[in-house]
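The structure appears right after this line, and notes come after that.
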Amino acid sequence: MAKGKRKVPGLNQSSTADISFILLIFFLVTTSMDVDSGLSRRLPDWDPDAVEQEMKIKERNVMTVQVNKNNEIHVKNGVLNRTIDVSELKDIAKEFIANPDDNINLPIKEDYEIEGYGTVVTTVRHVISLQTDRTTNYEIYFKVQHELSKAYSELRDAWARKTFGKKYEQCDEKTEQPVVRAVYASKISEAEPKQYGTAQ
Amino acid sequence: MSKFRSNGKREMPELNTSSLPDLIFTVLFFFMMVTSMREVEVKVQVKTPTGSSEIEKLERKSLVSHIYIGPPAKQYRATFGSAPQIQLNEHFAEPEAVREFVSAERESMAERDKPLMKMSLKIDQDVQMGIVTDVKQELRKARALNIVYSAGKEKEK
């Protein structure tokens, strides 16, 4: 027979830390912290009737970027027709899109009405046509896309700085950014891939 | 004058560790909150290309669906060969299956998020454009027009 009150012994908590450590390590190992990142693009709408439609665009407004099966980049526009290195592409594209010297062989500059801002003079009708072969390497295609995208954002930055006095990123999302985007709207058209050198 | 002089040995007080579990639990909860479990097992080898300034982070993971294209991982080589394959969810698929995949993904989304759906294309950098173009054409037919070429950010030199 026990006499008097029995004392409840204190629970030993020294191992709680170890247990939670094990849990922590489990979560550290099983979860992925990597944030997905990438190059955003918008595909053109699928319109079965328009697939075969040939667009009538003046020659000076078109720049063709062709990546062939040997992963060589060939650029053709009003002032240039040669195979280039991927590092040159950005500057060529910038000159083509902006046409800073009003070259008559580069895209025509026109007054363009932007809603909520006014009229700007820009090359609204320019088109960059990107053509690839079915055996072109994806990496080089990605690099071309990346360089073209860089050309657009550098032009937008320059314009935004000139007009609003700040970078494109810092412009107001609702009012200023759409204007900047409209001035240098990305116009990259991707033709169906062709099999160069074989029967078409 | 011996007021400040201690007499005898002083003992080092025991460090109180009773709050250590709480501390670690806090860290644990932090990790549980910020991380998400890997959803699908990737059966293809994908090494995405890298870019610099134009690479954007994808916000709102719930809007993003993934399409993987690349050569099958080693343990699947025997059955599927080493030619690049398209992986949708858990399975290898033909380009034609992309449309079905897109509509299934779209069904599972909230109504107001549907127009914001993004397809993340995780494509191995050595894949040829043919298969990529096929998938892109199918995405256009499925009206999933917002795409992201998944890529890593290059380290600044």
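Labeling convention for the structure tokens: chains A, B, ... as they appear, residues from 1 per chain, ligands from 1 in order of appearance.
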Residue contacts of Leu39 (chain A) (6 Å, only C-alpha atoms) excluding same-chain residues fewer than 5 positions away, as number ranges by chain: B: 55, 148-149
Save out the residues we just selected, C-alpha atoms, as a PDB file, in the first residue's frame.
ATOM      1  CA  ILE B  55      14.092  35.066 -67.788  1.00  0.00           C
ATOM      2  CA  VAL B 148       6.850  29.583 -71.162  1.00  0.00           C
ATOM      3  CA  TYR B 149      10.050  28.113 -72.440  1.00  0.00           C
TER       4      TYR B 149
END
Using only C-alpha atoms, find each residue of chain B with at least one atom at most 6 Å away from an atom of chain A; report its shortest atom-to-atom pair and that distance in Å (one decimal), sort the rows by chain and rising residue number, and return the result as a tab-separated table.
residue	atom	partner	partner_atom	distance
B:Pro21	CA	A:Ala17	CA	4.3
B:Leu28	CA	A:Leu24	CA	5.0
B:Thr35	CA	A:Met33	CA	5.8
B:Ser36	CA	A:Thr31	CA	5.8
B:Met37	CA	A:Thr31	CA	5.1
B:Pro49	CA	A:Glu139	CA	6.0
B:Ile55	CA	A:Gly38	CA	5.0
B:Glu56	CA	A:Ser37	CA	5.4
B:Lys57	CA	A:Ser37	CA	4.2
B:Leu58	CA	A:Ser37	CA	5.4
B:Gln125	CA	A:Glu139	CA	4.6
B:Asp126	CA	A:Asn137	CA	5.9
B:Val127	CA	A:Tyr138	CA	5.5
B:Gln128	CA	A:Asn137	CA	4.6
B:Met129	CA	A:Arg134	CA	5.0
B:Gly130	CA	A:Arg134	CA	4.0
B:Arg140	CA	A:Trp46	CA	5.3
B:Lys141	CA	A:Trp46	CA	5.6
B:Leu145	CA	A:Leu43	CA	4.8
B:Asn146	CA	A:Arg42	CA	4.8
B:Ile147	CA	A:Arg41	CA	5.4
B:Val148	CA	A:Ser40	CA	4.3
B:Tyr149	CA	A:Leu39	CA	5.0
B:Ser150	CA	A:Gly38	CA	4.0
B:Ala151	CA	A:Gly38	CA	4.5
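Of the listed residues B:Lys122, B:Arg77, B:His66, B:Arg99, the one whose atoms come nearest to Thr50 (chain B) is B:Lys122, with distances taken using only C-alpha atoms.
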9 Å contact set for region 85-101 of chain A, only C-alpha atoms, chain neighbours under 4 positions out, as a ChimeraX atom specification: /A:61-63,72-75,77-78,80,106-109,122-123,126-128,140,143-144,147-152,154-155,184
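Distance-wise, CA of Met119 (chain B) and CA of Thr133 (chain B) end up 14.3 Å apart.
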